[in-house]
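See below for upload-v1.pdb, which holds PDB, C-alpha atoms.
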```pdb
ATOM      1  CA  MET A   1      90.845  57.678 112.738
ATOM      2  CA  GLY A   2      93.348  59.389 110.401
ATOM      3  CA  ARG A   3      92.858  62.768 108.795
ATOM      4  CA  PRO A   4      91.686  62.545 105.142
ATOM      5  CA  ALA A   5      94.028  63.800 102.450
ATOM      6  CA  PHE A   6      91.492  66.476 101.577
ATOM      7  CA  ASP A   7      88.994  68.357 103.706
ATOM      8  CA  ASP A   8      85.699  67.197 102.250
ATOM      9  CA  HIS A   9      83.626  70.258 103.158
ATOM     10  CA  SER A  10      83.599  71.178  99.497
ATOM     11  CA  ILE A  11      82.459  70.016  96.089
ATOM     12  CA  ASP A  12      84.217  68.772  92.971
ATOM     13  CA  ARG A  13      83.782  70.882  89.870
ATOM     14  CA  GLY A  14      83.204  68.028  87.487
ATOM     15  CA  ILE A  15      84.102  64.421  86.824
ATOM     16  CA  ASP A  16      85.986  64.413  83.564
ATOM     17  CA  GLY A  17      87.583  67.868  83.678
ATOM     18  CA  MET A  18      91.155  68.807  84.572
ATOM     19  CA  LYS A  19      92.425  68.165  88.065
ATOM     20  CA  VAL A  20      94.202  71.341  89.152
ATOM     21  CA  LEU A  21      96.097  72.158  92.332
ATOM     22  CA  VAL A  22      96.215  75.903  92.985
ATOM     23  CA  VAL A  23      99.059  76.950  95.291
ATOM     24  CA  GLY A  24      99.018  80.213  97.202
ATOM     25  CA  PHE A  25      98.274  81.895 100.524
ATOM     26  CA  PHE A  26      94.527  81.302 100.271
ATOM     27  CA  GLY A  27      91.985  80.786 103.032
ATOM     28  CA  GLU A  28      93.664  83.369 105.295
ATOM     29  CA  GLY A  29      90.839  85.916 105.368
ATOM     30  CA  ASN A  30      92.505  88.260 102.883
ATOM     31  CA  LEU A  31      90.034  89.742 100.411
ATOM     32  CA  GLY A  32      92.736  90.217  97.765
ATOM     33  CA  ASP A  33      93.895  86.591  97.769
ATOM     34  CA  GLU A  34      90.308  85.393  97.586
ATOM     35  CA  ALA A  35      89.707  87.683  94.585
ATOM     36  CA  ILE A  36      92.657  85.990  92.871
ATOM     37  CA  LEU A  37      91.266  82.560  93.683
ATOM     38  CA  GLN A  38      87.780  83.519  92.504
ATOM     39  CA  GLY A  39      89.049  84.910  89.213
ATOM     40  CA  LEU A  40      91.395  82.012  88.487
ATOM     41  CA  THR A  41      88.937  79.240  89.257
ATOM     42  CA  ALA A  42      86.202  80.955  87.242
ATOM     43  CA  SER A  43      88.635  81.086  84.329
ATOM     44  CA  LEU A  44      89.460  77.385  84.668
ATOM     45  CA  GLY A  45      85.814  76.533  84.019
ATOM     46  CA  ARG A  46      83.206  74.509  85.844
ATOM     47  CA  ASP A  47      84.463  71.181  84.508
ATOM     48  CA  SER A  48      87.801  71.552  86.281
ATOM     49  CA  ARG A  49      88.323  69.850  89.639
ATOM     50  CA  VAL A  50      90.117  72.384  91.802
ATOM     51  CA  VAL A  51      92.136  71.760  94.960
ATOM     52  CA  VAL A  52      93.510  74.743  96.904
ATOM     53  CA  THR A  53      96.277  75.171  99.486
ATOM     54  CA  ALA A  54      94.502  77.133 102.183
ATOM     55  CA  GLY A  55      94.422  78.210 105.792
ATOM     56  CA  ASN A  56      91.515  77.817 108.174
ATOM     57  CA  HIS A  57      89.314  80.644 106.913
ATOM     58  CA  LEU A  58      86.982  78.144 105.265
ATOM     59  CA  GLN A  59      84.348  80.633 104.128
ATOM     60  CA  SER A  60      86.743  82.093 101.590
ATOM     61  CA  VAL A  61      87.501  78.732  99.944
ATOM     62  CA  ARG A  62      83.990  77.304 100.034
ATOM     63  CA  GLY A  63      83.325  75.214  96.956
ATOM     64  CA  PHE A  64      86.853  73.802  96.641
ATOM     65  CA  ARG A  65      88.714  70.845  98.023
ATOM     66  CA  ARG A  66      91.338  72.089 100.423
ATOM     67  CA  VAL A  67      94.776  70.934 101.522
ATOM     68  CA  PRO A  68      96.222  72.565 104.644
ATOM     69  CA  ARG A  69      98.747  75.285 103.954
ATOM     70  CA  ARG A  70     100.674  75.449 107.229
ATOM     71  CA  GLY A  71     102.827  73.083 109.252
ATOM     72  CA  ILE A  72     104.699  69.810 108.797
ATOM     73  CA  ALA A  73     101.398  67.923 108.776
ATOM     74  CA  SER A  74     100.367  69.733 105.584
ATOM     75  CA  TRP A  75     102.949  67.852 103.511
ATOM     76  CA  LEU A  76     101.268  64.430 103.464
ATOM     77  CA  PRO A  77      98.002  65.653 101.908
ATOM     78  CA  PHE A  78      99.932  67.962  99.578
ATOM     79  CA  LEU A  79     102.073  65.109  98.245
ATOM     80  CA  ALA A  80      98.985  62.905  97.906
ATOM     81  CA  CYS A  81      97.307  65.672  95.920
ATOM     82  CA  LEU A  82     100.276  65.903  93.543
ATOM     83  CA  LYS A  83      99.611  62.297  92.509
ATOM     84  CA  GLU A  84      96.036  63.182  91.563
ATOM     85  CA  CYS A  85      96.389  66.579  89.877
ATOM     86  CA  ARG A  86      97.414  67.111  86.289
ATOM     87  CA  HIS A  87      98.384  70.758  86.699
ATOM     88  CA  VAL A  88      99.943  72.704  89.578
ATOM     89  CA  ILE A  89      99.297  76.437  89.298
ATOM     90  CA  PHE A  90     101.043  79.068  91.417
ATOM     91  CA  ALA A  91      99.119  82.355  91.516
ATOM     92  CA  GLY A  92      99.053  85.689  93.307
ATOM     93  CA  GLY A  93     102.004  87.188  95.157
ATOM     94  CA  ILE A  94     104.837  84.631  95.274
ATOM     95  CA  PHE A  95     108.453  84.551  96.469
ATOM     96  CA  GLN A  96     108.257  87.644  98.667
ATOM     97  CA  ASP A  97     111.016  87.869 101.255
ATOM     98  CA  TRP A  98     109.146  90.039 103.752
ATOM     99  CA  THR A  99     109.065  86.733 105.675
ATOM    100  CA  VAL A 100     111.047  83.490 105.426
ATOM    101  CA  GLU A 101     107.841  81.588 104.669
ATOM    102  CA  GLY A 102     107.146  83.906 101.742
ATOM    103  CA  VAL A 103     110.087  82.245  99.975
ATOM    104  CA  THR A 104     110.332  78.741 101.404
ATOM    105  CA  PHE A 105     106.620  77.918 101.056
ATOM    106  CA  TYR A 106     106.748  78.412  97.295
ATOM    107  CA  ALA A 107     110.245  77.045  96.693
ATOM    108  CA  LEU A 108     109.609  73.739  98.462
ATOM    109  CA  ARG A 109     106.226  73.149  96.858
ATOM    110  CA  LEU A 110     107.433  74.121  93.414
ATOM    111  CA  VAL A 111     110.331  71.662  93.613
ATOM    112  CA  ALA A 112     108.060  68.957  95.081
ATOM    113  CA  ALA A 113     105.617  69.398  92.209
ATOM    114  CA  SER A 114     108.421  69.100  89.670
ATOM    115  CA  VAL A 115     109.904  65.990  91.315
ATOM    116  CA  SER A 116     106.457  64.373  91.358
ATOM    117  CA  GLY A 117     106.318  64.551  87.566
ATOM    118  CA  ALA A 118     103.978  67.529  87.306
ATOM    119  CA  VAL A 119     105.009  70.687  85.477
ATOM    120  CA  PRO A 120     104.344  73.619  87.813
ATOM    121  CA  SER A 121     103.296  76.838  86.131
ATOM    122  CA  LEU A 122     102.841  80.492  87.069
ATOM    123  CA  TRP A 123      99.632  82.255  86.098
ATOM    124  CA  GLY A 124      98.921  85.864  87.075
ATOM    125  CA  ALA A 125     101.827  85.743  89.525
ATOM    126  CA  GLY A 126     103.386  88.766  91.188
ATOM    127  CA  LEU A 127     107.045  87.952  91.833
ATOM    128  CA  GLY A 128     108.995  89.589  94.647
ATOM    129  CA  PRO A 129     110.207  91.697  96.244
ATOM    130  CA  LEU A 130     113.391  89.697  96.777
ATOM    131  CA  ARG A 131     115.820  92.018  98.517
ATOM    132  CA  ASN A 132     118.047  89.365 100.063
ATOM    133  CA  SER A 133     120.705  87.600  97.941
ATOM    134  CA  LEU A 134     120.013  84.215  99.559
ATOM    135  CA  ALA A 135     116.272  84.584  98.894
ATOM    136  CA  ARG A 136     117.042  85.446  95.251
ATOM    137  CA  ASN A 137     119.284  82.405  94.897
ATOM    138  CA  ILE A 138     116.698  80.026  96.375
ATOM    139  CA  SER A 139     113.892  81.538  94.303
ATOM    140  CA  GLY A 140     115.884  81.446  91.075
ATOM    141  CA  ARG A 141     116.770  77.779  91.502
ATOM    142  CA  ALA A 142     113.170  76.844  92.252
ATOM    143  CA  LEU A 143     111.716  78.894  89.389
ATOM    144  CA  ARG A 144     113.832  77.016  86.861
ATOM    145  CA  HIS A 145     111.410  74.117  87.333
ATOM    146  CA  THR A 146     108.433  76.049  85.935
ATOM    147  CA  GLY A 147     106.632  75.552  82.649
ATOM    148  CA  ASP A 148     104.219  78.256  81.467
ATOM    149  CA  CYS A 149     104.868  81.608  83.127
ATOM    150  CA  TRP A 150     102.426  84.518  83.030
ATOM    151  CA  MET A 151     103.215  87.369  85.397
ATOM    152  CA  ARG A 152     100.827  90.102  86.483
ATOM    153  CA  ASP A 153     103.161  93.095  85.987
ATOM    154  CA  ALA A 154     106.244  94.145  84.063
ATOM    155  CA  GLY A 155     108.421  94.234  87.185
ATOM    156  CA  SER A 156     107.686  90.548  87.815
ATOM    157  CA  VAL A 157     108.520  89.727  84.188
ATOM    158  CA  ASN A 158     111.871  91.473  84.533
ATOM    159  CA  LEU A 159     112.682  89.831  87.875
ATOM    160  CA  PHE A 160     111.807  86.389  86.515
ATOM    161  CA  SER A 161     114.172  86.934  83.585
ATOM    162  CA  LEU A 162     116.923  88.113  85.925
ATOM    163  CA  LEU A 163     116.549  85.072  88.183
ATOM    164  CA  THR A 164     116.153  82.379  85.526
ATOM    165  CA  GLY A 165     117.477  83.727  82.217
ATOM    166  CA  ARG A 166     114.076  82.927  80.708
ATOM    167  CA  THR A 167     111.305  85.154  79.356
ATOM    168  CA  ALA A 168     107.886  85.229  81.001
ATOM    169  CA  ASN A 169     104.659  86.483  79.464
ATOM    170  CA  LEU A 170     102.968  89.665  80.674
ATOM    171  CA  GLY A 171      99.480  88.929  81.957
ATOM    172  CA  THR A 172      97.615  90.617  84.785
ATOM    173  CA  ASP A 173      95.890  89.967  88.098
ATOM    174  CA  TRP A 174      93.159  87.311  88.172
ATOM    175  CA  SER A 175      90.699  89.756  89.744
ATOM    176  CA  TRP A 176      90.164  91.099  86.209
ATOM    177  CA  ALA A 177      88.028  87.989  85.662
ATOM    178  CA  ILE A 178      85.514  89.454  88.125
ATOM    179  CA  PRO A 179      83.153  91.662  86.104
ATOM    180  CA  TYR A 180      82.391  95.236  87.006
ATOM    181  CA  VAL A 181      79.417  97.034  85.516
ATOM    182  CA  PRO A 182      79.636 100.727  86.429
ATOM    183  CA  GLY A 183      76.632 101.995  88.333
ATOM    184  CA  LYS A 184      75.381 105.437  89.179
ATOM    185  CA  LYS A 185      77.743 107.478  91.320
ATOM    186  CA  ALA A 186      76.226 108.310  94.677
ATOM    187  CA  ALA A 187      75.706 111.947  95.586
ATOM    188  CA  GLY A 188      77.630 113.493  98.451
ATOM    189  CA  HIS A 189      81.226 113.612  99.569
ATOM    190  CA  LEU A 190      82.618 110.442 101.108
ATOM    191  CA  THR A 191      86.343 109.787 101.472
ATOM    192  CA  ALA A 192      87.721 106.350 102.380
ATOM    193  CA  VAL A 193      91.025 105.208 103.814
ATOM    194  CA  ASN A 194      92.516 101.718 103.855
ATOM    195  CA  ILE A 195      95.642 101.022 105.899
ATOM    196  CA  ARG A 196      97.291  97.785 106.918
ATOM    197  CA  PRO A 197      99.848  96.886 109.597
ATOM    198  CA  TRP A 198     103.364  97.379 108.250
ATOM    199  CA  PHE A 199     106.974  97.610 109.377
ATOM    200  CA  ASP A 200     107.168 101.317 108.539
ATOM    201  CA  GLU A 201     104.700 103.590 110.331
ATOM    202  CA  LYS A 202     105.094 106.429 107.806
ATOM    203  CA  PHE A 203     102.039 105.308 105.789
ATOM    204  CA  ARG A 204      99.759 105.388 108.819
ATOM    205  CA  ARG A 205     101.234 108.738 109.872
ATOM    206  CA  PHE A 206     100.668 110.162 106.387
ATOM    207  CA  ALA A 207      97.010 109.061 106.451
ATOM    208  CA  ILE A 208      96.510 110.612 109.883
ATOM    209  CA  GLY A 209      98.109 113.895 108.791
ATOM    210  CA  ARG A 210      96.146 114.049 105.549
ATOM    211  CA  PHE A 211      92.791 113.492 107.221
ATOM    212  CA  GLN A 212      93.616 116.155 109.791
ATOM    213  CA  GLN A 213      94.664 118.493 106.978
ATOM    214  CA  ILE A 214      91.519 118.187 104.848
ATOM    215  CA  ARG A 215      89.226 118.536 107.896
ATOM    216  CA  LEU A 216      86.402 116.322 106.752
ATOM    217  CA  LEU A 217      82.884 116.984 107.937
ATOM    218  CA  PRO A 218      81.196 114.446 110.233
ATOM    219  CA  ASP A 219      79.991 111.335 108.437
ATOM    220  CA  SER A 220      82.102 112.150 105.379
ATOM    221  CA  ALA A 221      84.918 109.636 105.992
ATOM    222  CA  ILE A 222      85.082 105.872 106.413
ATOM    223  CA  GLY A 223      87.722 103.214 106.917
ATOM    224  CA  VAL A 224      87.754 100.198 104.596
ATOM    225  CA  ALA A 225      89.265  96.881 105.713
ATOM    226  CA  ALA A 226      90.337  94.024 103.456
ATOM    227  CA  ARG A 227      91.376  91.864 106.388
ATOM    228  CA  ARG A 228      90.567  91.683 110.097
ATOM    229  CA  GLU A 229      93.936  93.216 111.024
ATOM    230  CA  ASP A 230      93.076  96.249 108.859
ATOM    231  CA  GLU A 231      89.852  96.740 110.771
ATOM    232  CA  ILE A 232      91.635  96.650 114.137
ATOM    233  CA  LEU A 233      94.243  99.170 112.964
ATOM    234  CA  LEU A 234      91.649 101.499 111.440
ATOM    235  CA  LEU A 235      89.532 101.542 114.603
ATOM    236  CA  ARG A 236      92.617 102.385 116.652
ATOM    237  CA  THR A 237      93.938 105.012 114.233
ATOM    238  CA  PHE A 238      90.665 106.735 113.307
ATOM    239  CA  PRO A 239      88.348 106.159 116.298
ATOM    240  CA  GLY A 240      85.612 108.367 114.867
ATOM    241  CA  PHE A 241      85.379 106.604 111.507
ATOM    242  CA  PRO A 242      82.921 103.807 110.767
ATOM    243  CA  VAL A 243      84.777 100.862 109.229
ATOM    244  CA  ARG A 244      83.351  98.842 106.361
ATOM    245  CA  THR A 245      84.516  95.323 105.517
ATOM    246  CA  PRO A 246      83.395  94.375 101.997
ATOM    247  CA  GLY A 247      82.853  90.639 101.661
ATOM    248  CA  THR A 248      84.069  90.314  98.073
ATOM    249  CA  PHE A 249      86.138  92.120  95.475
ATOM    250  CA  ALA A 250      82.900  92.953  93.630
ATOM    251  CA  ASP A 251      81.590  94.587  96.825
ATOM    252  CA  LEU A 252      84.806  96.586  97.063
ATOM    253  CA  MET A 253      84.383  97.897  93.497
ATOM    254  CA  LYS A 254      80.732  98.701  94.168
ATOM    255  CA  LEU A 255      81.706 100.635  97.290
ATOM    256  CA  GLY A 256      83.863 102.825  95.053
ATOM    257  CA  GLU A 257      80.723 104.268  93.477
ATOM    258  CA  SER A 258      79.941 106.049  96.752
ATOM    259  CA  LEU A 259      83.421 107.586  97.099
ATOM    260  CA  THR A 260      84.721 110.956  95.990
ATOM    261  CA  ALA A 261      88.291 110.040  97.004
ATOM    262  CA  GLY A 262      90.228 107.092  98.375
ATOM    263  CA  TYR A 263      93.500 106.526 100.208
ATOM    264  CA  PRO A 264      94.236 102.816  99.609
ATOM    265  CA  MET A 265      97.253 100.927 100.915
ATOM    266  CA  ARG A 266      96.519  97.326  99.947
ATOM    267  CA  TYR A 267      97.037  96.287  96.319
ATOM    268  CA  HIS A 268      93.533  94.947  95.692
ATOM    269  CA  VAL A 269      91.799  97.864  97.407
ATOM    270  CA  LEU A 270      93.716 100.176  95.074
ATOM    271  CA  LEU A 271      92.899  98.021  92.052
ATOM    272  CA  ALA A 272      89.187  97.848  92.881
ATOM    273  CA  TRP A 273      88.947 101.620  93.232
ATOM    274  CA  LEU A 274      90.934 102.242  90.055
ATOM    275  CA  ARG A 275      88.463 100.052  88.172
ATOM    276  CA  ALA A 276      85.551 101.936  89.764
ATOM    277  CA  GLY A 277      86.984 105.298  88.682
ATOM    278  CA  VAL A 278      87.724 106.560  92.198
ATOM    279  CA  PRO A 279      90.290 109.397  92.488
ATOM    280  CA  VAL A 280      93.022 108.003  94.736
ATOM    281  CA  VAL A 281      96.139 108.923  96.660
ATOM    282  CA  PRO A 282      97.878 105.528  96.977
ATOM    283  CA  LEU A 283      99.929 104.608 100.037
ATOM    284  CA  CYS A 284     102.664 102.737  98.139
ATOM    285  CA  TYR A 285     104.182 100.494 100.769
ATOM    286  CA  ASP A 286     105.831  98.035  98.339
ATOM    287  CA  ASP A 287     106.832  97.443  94.730
ATOM    288  CA  LYS A 288     103.616  95.711  93.646
ATOM    289  CA  VAL A 289     101.474  98.703  94.666
ATOM    290  CA  ARG A 290     103.957 101.076  93.047
ATOM    291  CA  ALA A 291     103.921  99.024  89.817
ATOM    292  CA  LEU A 292     100.118  99.120  89.704
ATOM    293  CA  CYS A 293     100.193 102.894  90.089
ATOM    294  CA  GLN A 294     102.658 103.205  87.227
ATOM    295  CA  GLU A 295     100.420 101.097  84.982
ATOM    296  CA  ALA A 296      97.448 103.290  85.870
ATOM    297  CA  GLY A 297      99.340 106.581  85.467
ATOM    298  CA  ILE A 298      98.862 107.443  89.151
ATOM    299  CA  PRO A 299     101.525 109.487  90.992
ATOM    300  CA  THR A 300     103.167 107.627  93.860
ATOM    301  CA  ASP A 301     104.358 110.679  95.791
ATOM    302  CA  MET A 302     102.979 111.104  99.311
ATOM    303  CA  GLY A 303     103.988 114.734  99.666
ATOM    304  CA  ALA A 304     101.946 117.453 101.301
ATOM    305  CA  ASP A 305     100.519 118.509  97.939
ATOM    306  CA  ALA A 306      99.449 115.014  96.800
ATOM    307  CA  PHE A 307      95.877 115.044  95.539
ATOM    308  CA  PRO A 308      93.490 112.272  94.381
ATOM    309  CA  VAL A 309      93.891 111.181  90.739
ATOM    310  CA  VAL A 310      91.831 108.775  88.613
ATOM    311  CA  ALA A 311      93.394 106.038  86.498
ATOM    312  CA  ALA A 312      94.466 106.872  82.955
ATOM    313  CA  PRO A 313      91.699 106.126  80.389
ATOM    314  CA  GLU A 314      93.705 103.343  78.715
ATOM    315  CA  PHE A 315      94.470 101.501  81.979
ATOM    316  CA  CYS A 316      91.364  99.325  82.070
ATOM    317  CA  ARG A 317      91.422  98.667  78.351
ATOM    318  CA  GLN A 318      95.053  97.535  78.355
ATOM    319  CA  SER A 319      94.564  95.390  81.455
ATOM    320  CA  GLU A 320      91.510  93.710  79.956
ATOM    321  CA  THR A 321      93.506  92.940  76.798
ATOM    322  CA  ARG A 322      96.319  91.381  78.831
ATOM    323  CA  PHE A 323      93.791  89.375  80.822
ATOM    324  CA  ALA A 324      92.183  88.071  77.613
ATOM    325  CA  GLU A 325      95.591  86.957  76.310
ATOM    326  CA  MET A 326      96.416  85.159  79.567
ATOM    327  CA  LYS A 327      92.976  83.527  79.691
ATOM    328  CA  ALA A 328      93.342  82.319  76.079
ATOM    329  CA  ALA A 329      96.681  80.711  76.973
ATOM    330  CA  LEU A 330      95.159  79.087  80.066
ATOM    331  CA  ASP A 331      92.400  77.624  77.888
ATOM    332  CA  THR A 332      95.004  75.584  75.999
ATOM    333  CA  LEU A 333      95.811  73.506  79.107
ATOM    334  CA  LYS A 334      94.492  69.974  78.907
TER     335      LYS A 334
END
```
Conversion result in structure tokens:
Amino acid sequence: MGRPAFDDHSIDRGIDGMKVLVVGFFGEGNLGDEAILQGLTASLGRDSRVVVTAGNHLQSVRGFRRVPRRGIASWLPFLACLKECRHVIFAGGIFQDWTVEGVTFYALRLVAASVSGAVPSLWGAGLGPLRNSLARNISGRALRHTGDCWMRDAGSVNLFSLLTGRTANLGTDWSWAIPYVPGKKAAGHLTAVNIRPWFDEKFRRFAIGRFQQIRLLPDSAIGVAARREDEILLLRTFPGFPVRTPGTFADLMKLGESLTAGYPMRYHVLLAWLRAGVPVVPLCYDDKVRALCQEAGIPTDMGADAFPVVAAPEFCRQSETRFAEMKAALDTLK
């Protein structure tokens, strides 16, 4: 018996609404990517029928039809889906040349969507980094096939213009669709650290040195993981720290209410704690984290005298305005 075009563990979101294919690295157990998916699909509305390119972490894409993301066998259901879907939306971090797949996955699917007759669009996309000239050339050629383009930061807007000669709109990350109602700050002194595996060990070494320097009391520090690989690294790096693994982006923001300081490395951990008003020392491992810090007025220096800083007062207000503008544009899709 052949494999169905779609994994039918999920539900449709309506009968007469838009059929939308959302393309990204979803269903991989990454809290940040699932926050993007949650925010985007909530913004599309309950009448939309959503299909998602996703890995095997089914819990994170529950409620959506899924097409496999990896392997040659993923192409048949993807092409079948293109015949059914009216819109193809690319969201989250795209065209990042840290890996070959970070470029080819998006380029091939963007071109395939265009050839099929659909108009692929970018919504809340973070473009780059693209350090390699070949990766830039491939990405630029593929991006010329896009329709509406809303990027999540100014650096992505500028890179899109450089690659295509076109102007993109400045939106923001889809996690801004997830509401946060500030609660009462917990008493006490609890400091959290989030680190992820990376090519350069300097971020992990900085975190180790800082936590040795500030000499925290017992039970006053925790590790926070946004992915299983974070948890493994935290347990190995800080063997005395309990490690928490929030299930959702909302849980991650809520956790911020119990913190007096945070040392986040991942983009969405930083964003959640900025929204929760946590003083942070960011571990800026790439351009997207650095760009978020600049928007929030947070220093990016990891020197010996770096100290936790809260986001500038206008950060949330400006981001919410940009989100509202992007959402209003999305609402015009039919």
**Q.** Given the PyMOL selection byres ((chain A and resi 141-149) around 7), the residues it picks as a ChimeraX atom specification
**A.** /A:107,110-111,114,119-123,137-140,150-151,164,168-169
Q: Pick out the residues sitting within 12 Å of A:Thr191, and hand them over as JSON, numbers by chain; count all atoms listed in the file, and ignore anything fewer than 6 positions along from it in its own chain.
A: {"A": [207, 210, 211, 214, 215, 216, 217, 218, 219, 220, 221, 222, 223, 224, 241, 242, 243, 255, 256, 257, 258, 259, 260, 261, 262, 263, 264, 273, 278, 279, 280, 281, 308]}
Q. How would you write, as a VMD selection string, the residues chosen by the PyMOL selection byres ((chain A and resi 41-44) around 9) on this structure?
A. chain A and resid 18 20 22 36 to 40 45 to 48 50 174 177 to 178 327 330 to 331
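Picked out by the PyMOL selection byres ((chain A and resi 249) around 9) when it runs on this file: Leu31, Gly32, Glu34, Ala35, Ser175, Ile178, Pro246, Gly247, Thr248, Ala250, Asp251, Leu252, Met253, Lys254, His268, Val269 and Ala272 of chain A.
The two atoms in question, atom CA of A:Pro179 and atom CA of A:Arg49, are spaced 22.7 Å apart.
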Would you mind listing, for every residue of stretch 36-139 of chain A within 12 Å of stretch 289-295 of chain A, the two atoms forming the shortest contact and the distance between them in Å to one decimal, using all atoms listed in the file, sorted by chain and ascending residue number, as a tab-separated table?
```
residue	atom	partner	partner_atom	distance
A:Gly93	CA	A:Val289	CA	11.5
A:Gly126	CA	A:Ala291	CA	10.4
A:Leu127	CA	A:Ala291	CA	11.7
A:Gly128	CA	A:Ala291	CA	11.8
A:Pro129	CA	A:Val289	CA	11.3
```
Output file for the residues above (C-alpha atoms, as a PDB file, in the coordinates of the input):
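To be explicit, this is the file written out as out-v7.pdb:
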```pdb
ATOM      1  CA  GLY A  93     102.004  87.188  95.157  1.00  0.00           C
ATOM      2  CA  GLY A 126     103.386  88.766  91.188  1.00  0.00           C
ATOM      3  CA  LEU A 127     107.045  87.952  91.833  1.00  0.00           C
ATOM      4  CA  GLY A 128     108.995  89.589  94.647  1.00  0.00           C
ATOM      5  CA  PRO A 129     110.207  91.697  96.244  1.00  0.00           C
TER       6      PRO A 129
END
```
Q | Nearest residue to A:Leu134 from the set A:Val100, A:Val67, A:Ile195, A:Leu274 (distances using only C-alpha atoms) | A | A:Val100
(Q) To one decimal place in Å, what is the distance between atom CA of A:Val193 and atom CA of A:Thr237? (A) 10.8 Å
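Taking atom CA of A:Ala186 and atom CA of A:Phe238 as the two end points, the separation is 23.6 Å.
Shortest separation to A:Arg109 among A:Gln96, A:Gly124, A:Phe78, A:Ala54 occurs at residue A:Phe78, atoms counted being only C-alpha atoms.
The nearest approach to A:Trp98 among the residues A:Ala73, A:Ala276, A:Leu130, A:Leu163, with only C-alpha atoms taken into account, belongs to A:Leu130.
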Q: Using all atoms listed in the file, find the one residue out of A:Ala328, A:Leu21, A:Ile208, A:Lys202 that sits nearest to A:Pro239.
A: A:Ile208
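If you measure from each of A:Arg205, A:His57, A:Lys288, A:Arg66 to A:Asn30 using only C-alpha atoms, the closest one turns out to be A:His57.
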Q. Quick one: residues within 8 Å of A:Glu84, all atoms listed in the file counted, chain neighbours fewer than 3 positions away excluded, as number ranges by chain?
A. A: 19, 80-81
(Q) So, with all atoms listed in the file as the atoms that count, which of A:Ala118, A:Arg228, A:Asp286, A:Val52 lies closest to A:Asp97? (A) A:Asp286
List as a compact mmCIF listing (two decimals) with C-alpha atoms, keeping the file's coordinate frame the protein and nucleic acid residues near A:Trp176, meaning an atom at most 8 Å away when all atoms listed in the file are counted, but skip any in the same chain fewer than 4 places from it.
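And here's around-v3.txt as it stands now:
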```
# COMPACT_ATOMS: atom_id res chain seq x y z
CA GLY A 39 89.05 84.91 89.21
CA THR A 172 97.62 90.62 84.78
CA SER A 319 94.56 95.39 81.46
CA GLU A 320 91.51 93.71 79.96
CA PHE A 323 93.79 89.38 80.82
```
